[in-house]
file coords-v4.cif (mmCIF, C-alpha atoms)
data_structure
loop_
_atom_site.label_atom_id
_atom_site.label_comp_id
_atom_site.auth_asym_id
_atom_site.auth_seq_id
_atom_site.Cartn_x
_atom_site.Cartn_y
_atom_site.Cartn_z
CA MET A 650 11.56 -12.36 7.58
CA GLY A 651 15.00 -11.92 9.05
CA GLY A 652 15.63 -8.18 9.15
CA THR A 653 15.01 -5.40 6.74
CA ARG A 654 15.69 -5.60 3.04
CA PRO A 655 18.08 -3.23 1.31
CA VAL A 656 16.52 0.09 0.35
CA ARG A 657 15.07 0.11 -3.13
CA ASP A 658 15.05 3.45 -4.90
CA ALA A 659 11.70 3.83 -6.53
CA PRO A 660 11.94 4.64 -10.23
CA ARG A 661 13.19 8.22 -10.63
CA ARG A 662 12.90 8.61 -6.82
CA PRO A 663 9.32 9.85 -7.18
CA GLN A 664 7.78 12.43 -5.01
CA GLY A 665 4.33 13.90 -5.31
CA ARG A 666 1.34 11.55 -5.28
CA ILE A 667 1.92 7.91 -4.34
CA GLY A 668 -1.05 5.51 -4.53
CA VAL A 669 -1.46 3.05 -1.66
CA ILE A 670 -3.69 0.00 -2.14
CA SER A 671 -4.06 -3.32 -0.36
CA ASP A 672 -6.16 -6.44 -0.05
CA THR A 673 -7.50 -6.44 -3.60
CA HIS A 674 -7.87 -10.24 -3.51
CA GLY A 675 -7.99 -10.39 -7.31
CA LEU A 676 -10.49 -7.55 -7.77
CA ILE A 677 -9.55 -4.17 -9.26
CA ARG A 678 -12.50 -1.82 -9.04
CA PRO A 679 -12.88 0.87 -11.73
CA GLU A 680 -13.11 3.46 -8.94
CA ALA A 681 -9.70 2.33 -7.64
CA LEU A 682 -8.14 2.67 -11.10
CA ALA A 683 -9.65 6.13 -11.51
CA PHE A 684 -8.26 7.19 -8.12
CA LEU A 685 -4.76 5.90 -8.94
CA ARG A 686 -4.48 7.70 -12.28
CA GLY A 687 -1.81 10.39 -12.06
CA CYS A 688 0.19 8.68 -9.30
CA ASN A 689 3.97 8.57 -9.67
CA LEU A 690 4.15 5.17 -7.94
CA ILE A 691 1.70 2.61 -6.57
CA ILE A 692 2.43 0.65 -3.39
CA HIS A 693 0.42 -2.55 -2.85
CA GLY A 694 0.30 -3.80 0.74
CA GLY A 695 -0.33 -7.47 -0.13
CA ASP A 696 -3.14 -9.96 -0.59
CA ILE A 697 -2.99 -9.05 -4.25
CA GLY A 698 -4.83 -12.07 -5.57
CA GLY A 699 -3.07 -12.58 -8.90
CA SER A 700 -0.43 -11.26 -11.27
CA GLU A 701 -3.12 -9.65 -13.43
CA VAL A 702 -3.78 -7.18 -10.59
CA LEU A 703 -0.14 -6.07 -10.67
CA ASP A 704 -0.20 -5.94 -14.49
CA THR A 705 -3.26 -3.68 -14.42
CA LEU A 706 -1.76 -1.40 -11.77
CA SER A 707 1.57 -1.18 -13.60
CA SER A 708 -0.25 0.17 -16.66
CA ILE A 709 -0.92 3.27 -14.53
CA ALA A 710 2.43 3.69 -12.70
CA PRO A 711 5.39 1.63 -11.46
CA VAL A 712 4.33 -0.76 -8.67
CA THR A 713 6.08 -1.92 -5.52
CA ALA A 714 4.20 -4.78 -3.85
CA VAL A 715 4.69 -7.18 -0.96
CA ARG A 716 3.40 -10.69 -0.56
CA GLY A 717 0.31 -11.11 1.61
CA ASN A 718 -0.72 -14.21 3.55
CA ASN A 719 -3.17 -15.12 0.74
CA ASP A 720 -0.61 -14.68 -2.07
CA THR A 721 0.43 -18.33 -2.08
CA ASP A 722 0.42 -19.32 -5.75
CA SER A 723 3.61 -19.48 -7.85
CA TRP A 724 3.02 -16.04 -9.44
CA ALA A 725 3.78 -14.51 -6.00
CA ASP A 726 7.17 -16.23 -5.62
CA ARG A 727 8.90 -13.08 -6.92
CA LEU A 728 7.38 -10.92 -4.16
CA HIS A 729 9.11 -10.27 -0.83
CA GLN A 730 7.54 -10.11 2.61
CA THR A 731 8.83 -6.54 3.07
CA GLU A 732 10.15 -3.69 0.95
CA LEU A 733 12.03 -0.50 1.79
CA ILE A 734 11.51 2.34 -0.65
CA GLN A 735 13.23 5.72 -0.76
CA LEU A 736 10.77 8.39 -1.92
CA GLY A 737 12.71 11.63 -2.11
CA GLU A 738 13.88 12.12 1.48
CA VAL A 739 11.21 9.78 2.90
CA LEU A 740 12.01 6.15 3.72
CA VAL A 741 8.96 3.86 3.43
CA TYR A 742 8.69 0.33 4.87
CA VAL A 743 6.03 -1.91 3.30
CA ILE A 744 4.71 -5.04 5.03
CA HIS A 745 1.40 -6.88 4.79
CA ASP A 746 0.77 -7.60 8.47
CA LEU A 747 1.86 -5.00 11.04
CA ALA A 748 2.13 -7.73 13.68
CA LYS A 749 5.13 -9.12 11.76
CA ILE A 750 7.32 -6.00 11.78
CA ASP A 751 10.79 -7.14 12.74
CA THR A 752 12.64 -3.83 12.75
CA ASP A 753 12.73 -0.70 14.90
CA CYS A 754 11.25 1.74 12.41
CA TYR A 755 12.27 4.86 14.30
CA ALA A 756 15.89 3.69 14.78
CA GLN A 757 16.13 2.75 11.08
CA GLY A 758 15.02 6.22 9.96
CA ILE A 759 11.78 4.90 8.48
CA ARG A 760 9.24 7.72 8.17
CA VAL A 761 6.24 5.74 6.81
CA VAL A 762 4.99 2.18 7.29
CA VAL A 763 2.48 0.90 4.72
CA SER A 764 0.54 -2.23 5.62
CA GLY A 765 -2.62 -4.14 4.79
CA HIS A 766 -4.10 -7.37 6.17
CA SER A 767 -6.75 -6.04 8.57
CA HIS A 768 -8.93 -4.44 5.86
CA ARG A 769 -9.33 -1.54 8.31
CA PRO A 770 -8.22 1.87 7.03
CA LEU A 771 -5.76 3.58 9.37
CA ILE A 772 -3.61 6.69 9.45
CA GLU A 773 -1.72 7.10 12.68
CA GLU A 774 1.54 8.72 13.73
CA ARG A 775 3.57 6.96 16.42
CA GLU A 776 6.88 8.39 17.64
CA GLY A 777 7.52 10.20 14.37
CA VAL A 778 6.56 7.24 12.15
CA LEU A 779 3.44 7.55 9.99
CA PHE A 780 1.46 4.30 9.71
CA ILE A 781 -1.01 3.92 6.84
CA ASN A 782 -3.23 0.99 6.07
CA PRO A 783 -5.36 1.89 3.04
CA GLY A 784 -7.97 -0.69 4.00
CA SER A 785 -9.32 -3.04 1.36
CA ALA A 786 -9.97 -2.04 -2.23
CA GLY A 787 -11.16 -5.55 -3.09
CA ARG A 788 -14.07 -7.65 -1.96
CA ARG A 789 -15.96 -6.48 1.11
CA ARG A 790 -15.09 -8.10 4.41
CA PHE A 791 -17.75 -7.90 7.07
CA LYS A 792 -19.10 -4.32 7.16
CA LEU A 793 -15.77 -2.61 6.57
CA PRO A 794 -15.56 0.19 3.99
CA ILE A 795 -14.01 -0.23 0.54
CA THR A 796 -11.04 2.17 0.61
CA ILE A 797 -7.73 3.15 -0.94
CA GLY A 798 -5.04 5.61 0.14
CA GLU A 799 -2.38 8.00 -0.99
CA LEU A 800 0.82 9.56 0.24
CA LEU A 801 1.76 13.08 -0.77
CA VAL A 802 5.55 13.40 -0.61
CA GLU A 803 7.49 16.64 -1.02
CA GLY A 804 11.12 16.49 0.09
CA ALA A 805 11.10 15.27 3.70
CA HIS A 806 7.42 16.14 4.21
CA VAL A 807 4.75 13.45 3.84
CA THR A 808 1.00 13.39 4.42
CA ALA A 809 -1.49 10.58 3.99
CA ARG A 810 -5.18 10.28 3.30
CA ILE A 811 -7.78 7.54 2.87
CA HIS A 812 -10.36 7.68 0.09
CA ASP A 813 -13.69 5.84 0.33
CA LEU A 814 -14.31 4.16 -3.05
CA GLU A 815 -18.01 3.64 -2.39
CA VAL A 816 -18.57 7.36 -1.86
CA ALA A 817 -16.75 7.97 -5.16
CA ARG A 818 -18.96 5.41 -6.95
CA VAL A 819 -22.16 6.96 -5.60
CA ALA A 820 -20.97 10.44 -6.61
CA GLN A 821 -20.45 9.19 -10.20
CA LEU A 822 -24.00 7.80 -10.52
#

call {"tool": "encode", "arguments": {"input": "coords-v4.cif", "output": "structure tokens"}}
result
Amino acid sequence: MGGTRPVRDAPRRPQGRIGVISDTHGLIRPEALAFLRGCNLIIHGGDIGGSEVLDTLSSIAPVTAVRGNNDTDSWADRLHQTELIQLGEVLVYVIHDLAKIDTDCYAQGIRVVVSGHSHRPLIEEREGVLFINPGSAGRRRFKLPITIGELLVEGAHVTARIHDLEVARVAQL
């Protein structure tokens, strides 16, 4: 990876509701699309599974995505291993696998780290850095839930939440 990438300003420096999705592995569930509607930006934490996933997501909002360990075909050549995004006053670092972080997030002023890989949803604050793994919105792995996440950004303030897509599907029936 070799250090952090230059900061990318997200289109129009969005604040408000930011969708966070990962580990789709080529599957976009209707419940995930419904949840993401109204987002100002979508962040994909890797293991996308095909360019059509990014095309579908970009029909909802601009997308920033990183390459996951399963994104090995030529369509993924344009994706980076990490991204830095400025969302208002909040600096966000995106990486697929947390074990591969090669920067001191706190020292770099990073406020949020978005990851994927484990398929396990997580929201945890460590030394002033908010870590969010939205879990997997794609195919089920073991007995893990099917989930997606969001960041709510207002100025320098950010909160995160995880949304269970199966609960949403059952509620719609």

call {"tool": "resolve_selection", "arguments": {"input": "coords-v4.cif", "expression": "the PyMOL selection byres ((chain A and resi 756-764) around 8)", "output": "list of chain:residue names"}}
result
A:Val669, A:Ser671, A:Gly694, A:Gly695, A:Val739, A:Leu740, A:Val741, A:Tyr742, A:Val743, A:Ile744, A:His745, A:Asp746, A:Leu747, A:Thr752, A:Asp753, A:Cys754, A:Tyr755, A:Gly765, A:His766, A:Gly777, A:Val778, A:Leu779, A:Phe780, A:Ile781, A:Asn782, A:Pro783

call {"tool": "closest_residue", "arguments": {"input": "coords-v4.cif", "among": "A:Arg775, A:Leu800, A:Glu732, A:Leu676", "to": "Ile691 (chain A)", "atoms": "only C-alpha atoms"}}
result
A:Leu800

call {"tool": "atom_distance", "arguments": {"input": "coords-v4.cif", "atom1": "CA of Ile697 (chain A)", "atom2": "CA of Gly675 (chain A)"}}
result
6.0 Å

call {"tool": "resolve_selection", "arguments": {"input": "coords-v4.cif", "expression": "the PyMOL selection byres ((chain A and resi 793) around 12)", "output": "ChimeraX atom specification"}}
result
/A:767-770,783-792,794-796,813-815

call {"tool": "resolve_selection", "arguments": {"input": "coords-v4.cif", "expression": "the PyMOL selection byres ((chain A and resi 683) around 12)", "output": "list of chain:residue names"}}
result
A:Gly668, A:Ile677, A:Arg678, A:Pro679, A:Glu680, A:Ala681, A:Leu682, A:Phe684, A:Leu685, A:Arg686, A:Gly687, A:Cys688, A:Leu706, A:Ile709, A:Ile797, A:His812, A:Leu814, A:Ala817, A:Arg818, A:Gln821

call {"tool": "atom_distance", "arguments": {"input": "coords-v4.cif", "atom1": "CA of Asp672 (chain A)", "atom2": "CA of Ser700 (chain A)"}}
result
13.5 Å

call {"tool": "atom_distance", "arguments": {"input": "coords-v4.cif", "atom1": "CA of Ala748 (chain A)", "atom2": "CA of Ala725 (chain A)"}}
result
20.9 Å

call {"tool": "closest_residue", "arguments": {"input": "coords-v4.cif", "among": "A:Glu738, A:Asp696, A:Glu776, A:Asp751", "to": "Gln664 (chain A)", "atoms": "only C-alpha atoms"}}
result
A:Glu738

call {"tool": "closest_residue", "arguments": {"input": "coords-v4.cif", "among": "A:Ile750, A:Val816, A:Leu771, A:Leu736", "to": "Gly804 (chain A)", "atoms": "only C-alpha atoms"}}
result
A:Leu736

call {"tool": "closest_residue", "arguments": {"input": "coords-v4.cif", "among": "A:Ile670, A:Ile692, A:Val807, A:Val802", "to": "Thr713 (chain A)", "atoms": "all atoms listed in the file"}}
result
A:Ile692

call {"tool": "closest_residue", "arguments": {"input": "coords-v4.cif", "among": "A:Ile811, A:Trp724, A:Asn689, A:Gly798", "to": "Asp704 (chain A)", "atoms": "only C-alpha atoms"}}
result
A:Trp724

call {"tool": "closest_residue", "arguments": {"input": "coords-v4.cif", "among": "A:Leu703, A:Asn719, A:Glu803, A:Leu690", "to": "His674 (chain A)", "atoms": "all atoms listed in the file"}}
result
A:Asn719

call {"tool": "build_atoms", "arguments": {"input": "coords-v4.cif", "residues": "region 682-693 of chain A", "atoms": "all heavy atoms", "output": "PDB file, keeping the file's coordinate frame"}}
result
ATOM      1  N   LEU A 682      -8.988   2.277  -9.962  1.00  0.00           N
ATOM      2  CA  LEU A 682      -8.140   2.670 -11.100  1.00  0.00           C
ATOM      3  C   LEU A 682      -8.253   4.165 -11.362  1.00  0.00           C
ATOM      4  O   LEU A 682      -7.242   4.837 -11.609  1.00  0.00           O
ATOM      5  CB  LEU A 682      -8.522   1.875 -12.344  1.00  0.00           C
ATOM      6  CG  LEU A 682      -8.264   0.373 -12.270  1.00  0.00           C
ATOM      7  CD1 LEU A 682      -8.803  -0.310 -13.514  1.00  0.00           C
ATOM      8  CD2 LEU A 682      -6.787   0.088 -12.070  1.00  0.00           C
ATOM      9  N   ALA A 683      -9.459   4.696 -11.288  1.00  0.00           N
ATOM     10  CA  ALA A 683      -9.650   6.130 -11.510  1.00  0.00           C
ATOM     11  C   ALA A 683      -8.899   6.935 -10.451  1.00  0.00           C
ATOM     12  O   ALA A 683      -8.261   7.948 -10.762  1.00  0.00           O
ATOM     13  CB  ALA A 683     -11.139   6.480 -11.486  1.00  0.00           C
ATOM     14  N   PHE A 684      -8.948   6.489  -9.198  1.00  0.00           N
ATOM     15  CA  PHE A 684      -8.260   7.190  -8.120  1.00  0.00           C
ATOM     16  C   PHE A 684      -6.737   7.168  -8.316  1.00  0.00           C
ATOM     17  O   PHE A 684      -6.050   8.147  -8.020  1.00  0.00           O
ATOM     18  CB  PHE A 684      -8.625   6.570  -6.766  1.00  0.00           C
ATOM     19  CG  PHE A 684      -7.942   7.232  -5.608  1.00  0.00           C
ATOM     20  CD1 PHE A 684      -8.432   8.416  -5.088  1.00  0.00           C
ATOM     21  CD2 PHE A 684      -6.803   6.678  -5.038  1.00  0.00           C
ATOM     22  CE1 PHE A 684      -7.801   9.039  -4.019  1.00  0.00           C
ATOM     23  CE2 PHE A 684      -6.166   7.289  -3.973  1.00  0.00           C
ATOM     24  CZ  PHE A 684      -6.674   8.474  -3.460  1.00  0.00           C
ATOM     25  N   LEU A 685      -6.207   6.071  -8.807  1.00  0.00           N
ATOM     26  CA  LEU A 685      -4.760   5.900  -8.940  1.00  0.00           C
ATOM     27  C   LEU A 685      -4.172   6.620 -10.154  1.00  0.00           C
ATOM     28  O   LEU A 685      -2.951   6.823 -10.213  1.00  0.00           O
ATOM     29  CB  LEU A 685      -4.407   4.418  -8.994  1.00  0.00           C
ATOM     30  CG  LEU A 685      -4.666   3.654  -7.695  1.00  0.00           C
ATOM     31  CD1 LEU A 685      -4.545   2.156  -7.931  1.00  0.00           C
ATOM     32  CD2 LEU A 685      -3.738   4.122  -6.589  1.00  0.00           C
ATOM     33  N   ARG A 686      -4.999   6.998 -11.110  1.00  0.00           N
ATOM     34  CA  ARG A 686      -4.480   7.700 -12.280  1.00  0.00           C
ATOM     35  C   ARG A 686      -3.766   8.977 -11.855  1.00  0.00           C
ATOM     36  O   ARG A 686      -4.271   9.726 -11.025  1.00  0.00           O
ATOM     37  CB  ARG A 686      -5.590   8.018 -13.269  1.00  0.00           C
ATOM     38  CG  ARG A 686      -5.988   6.798 -14.063  1.00  0.00           C
ATOM     39  CD  ARG A 686      -6.905   7.127 -15.241  1.00  0.00           C
ATOM     40  NE  ARG A 686      -7.341   5.880 -15.847  1.00  0.00           N
ATOM     41  CZ  ARG A 686      -8.374   5.152 -15.446  1.00  0.00           C
ATOM     42  NH1 ARG A 686      -9.108   5.556 -14.444  1.00  0.00           N
ATOM     43  NH2 ARG A 686      -8.698   4.029 -16.047  1.00  0.00           N
ATOM     44  N   GLY A 687      -2.590   9.199 -12.408  1.00  0.00           N
ATOM     45  CA  GLY A 687      -1.810  10.390 -12.060  1.00  0.00           C
ATOM     46  C   GLY A 687      -0.815  10.170 -10.946  1.00  0.00           C
ATOM     47  O   GLY A 687      -0.054  11.075 -10.620  1.00  0.00           O
ATOM     48  N   CYS A 688      -0.800   8.973 -10.349  1.00  0.00           N
ATOM     49  CA  CYS A 688       0.190   8.680  -9.300  1.00  0.00           C
ATOM     50  C   CYS A 688       1.566   8.465  -9.943  1.00  0.00           C
ATOM     51  O   CYS A 688       1.662   7.966 -11.066  1.00  0.00           O
ATOM     52  CB  CYS A 688      -0.203   7.422  -8.528  1.00  0.00           C
ATOM     53  SG  CYS A 688      -1.596   7.676  -7.423  1.00  0.00           S
ATOM     54  N   ASN A 689       2.600   8.800  -9.209  1.00  0.00           N
ATOM     55  CA  ASN A 689       3.970   8.570  -9.670  1.00  0.00           C
ATOM     56  C   ASN A 689       4.452   7.162  -9.347  1.00  0.00           C
ATOM     57  O   ASN A 689       5.420   6.686  -9.941  1.00  0.00           O
ATOM     58  CB  ASN A 689       4.914   9.593  -9.033  1.00  0.00           C
ATOM     59  CG  ASN A 689       4.558  10.999  -9.437  1.00  0.00           C
ATOM     60  OD1 ASN A 689       4.102  11.231 -10.551  1.00  0.00           O
ATOM     61  ND2 ASN A 689       4.743  11.928  -8.532  1.00  0.00           N
ATOM     62  N   LEU A 690       3.809   6.522  -8.383  1.00  0.00           N
ATOM     63  CA  LEU A 690       4.150   5.170  -7.940  1.00  0.00           C
ATOM     64  C   LEU A 690       2.925   4.617  -7.247  1.00  0.00           C
ATOM     65  O   LEU A 690       2.139   5.371  -6.660  1.00  0.00           O
ATOM     66  CB  LEU A 690       5.333   5.213  -6.948  1.00  0.00           C
ATOM     67  CG  LEU A 690       5.752   3.887  -6.313  1.00  0.00           C
ATOM     68  CD1 LEU A 690       6.509   3.023  -7.328  1.00  0.00           C
ATOM     69  CD2 LEU A 690       6.624   4.131  -5.090  1.00  0.00           C
ATOM     70  N   ILE A 691       2.769   3.287  -7.305  1.00  0.00           N
ATOM     71  CA  ILE A 691       1.700   2.610  -6.570  1.00  0.00           C
ATOM     72  C   ILE A 691       2.357   1.590  -5.641  1.00  0.00           C
ATOM     73  O   ILE A 691       3.207   0.805  -6.071  1.00  0.00           O
ATOM     74  CB  ILE A 691       0.709   1.899  -7.514  1.00  0.00           C
ATOM     75  CG1 ILE A 691       0.023   2.930  -8.414  1.00  0.00           C
ATOM     76  CG2 ILE A 691      -0.320   1.085  -6.714  1.00  0.00           C
ATOM     77  CD1 ILE A 691      -0.787   2.319  -9.559  1.00  0.00           C
ATOM     78  N   ILE A 692       1.963   1.624  -4.373  1.00  0.00           N
ATOM     79  CA  ILE A 692       2.430   0.650  -3.390  1.00  0.00           C
ATOM     80  C   ILE A 692       1.258  -0.257  -3.057  1.00  0.00           C
ATOM     81  O   ILE A 692       0.183   0.223  -2.687  1.00  0.00           O
ATOM     82  CB  ILE A 692       2.940   1.344  -2.108  1.00  0.00           C
ATOM     83  CG1 ILE A 692       4.128   2.259  -2.431  1.00  0.00           C
ATOM     84  CG2 ILE A 692       3.310   0.309  -1.052  1.00  0.00           C
ATOM     85  CD1 ILE A 692       4.567   3.136  -1.266  1.00  0.00           C
ATOM     86  N   HIS A 693       1.467  -1.579  -3.200  1.00  0.00           N
ATOM     87  CA  HIS A 693       0.420  -2.550  -2.850  1.00  0.00           C
ATOM     88  C   HIS A 693       0.855  -3.275  -1.591  1.00  0.00           C
ATOM     89  O   HIS A 693       1.927  -3.874  -1.544  1.00  0.00           O
ATOM     90  CB  HIS A 693       0.213  -3.547  -3.995  1.00  0.00           C
ATOM     91  CG  HIS A 693      -1.088  -4.297  -3.900  1.00  0.00           C
ATOM     92  ND1 HIS A 693      -1.422  -5.059  -2.804  1.00  0.00           N
ATOM     93  CD2 HIS A 693      -2.140  -4.373  -4.755  1.00  0.00           C
ATOM     94  CE1 HIS A 693      -2.622  -5.593  -2.991  1.00  0.00           C
ATOM     95  NE2 HIS A 693      -3.077  -5.181  -4.168  1.00  0.00           N
TER      96      HIS A 693
END
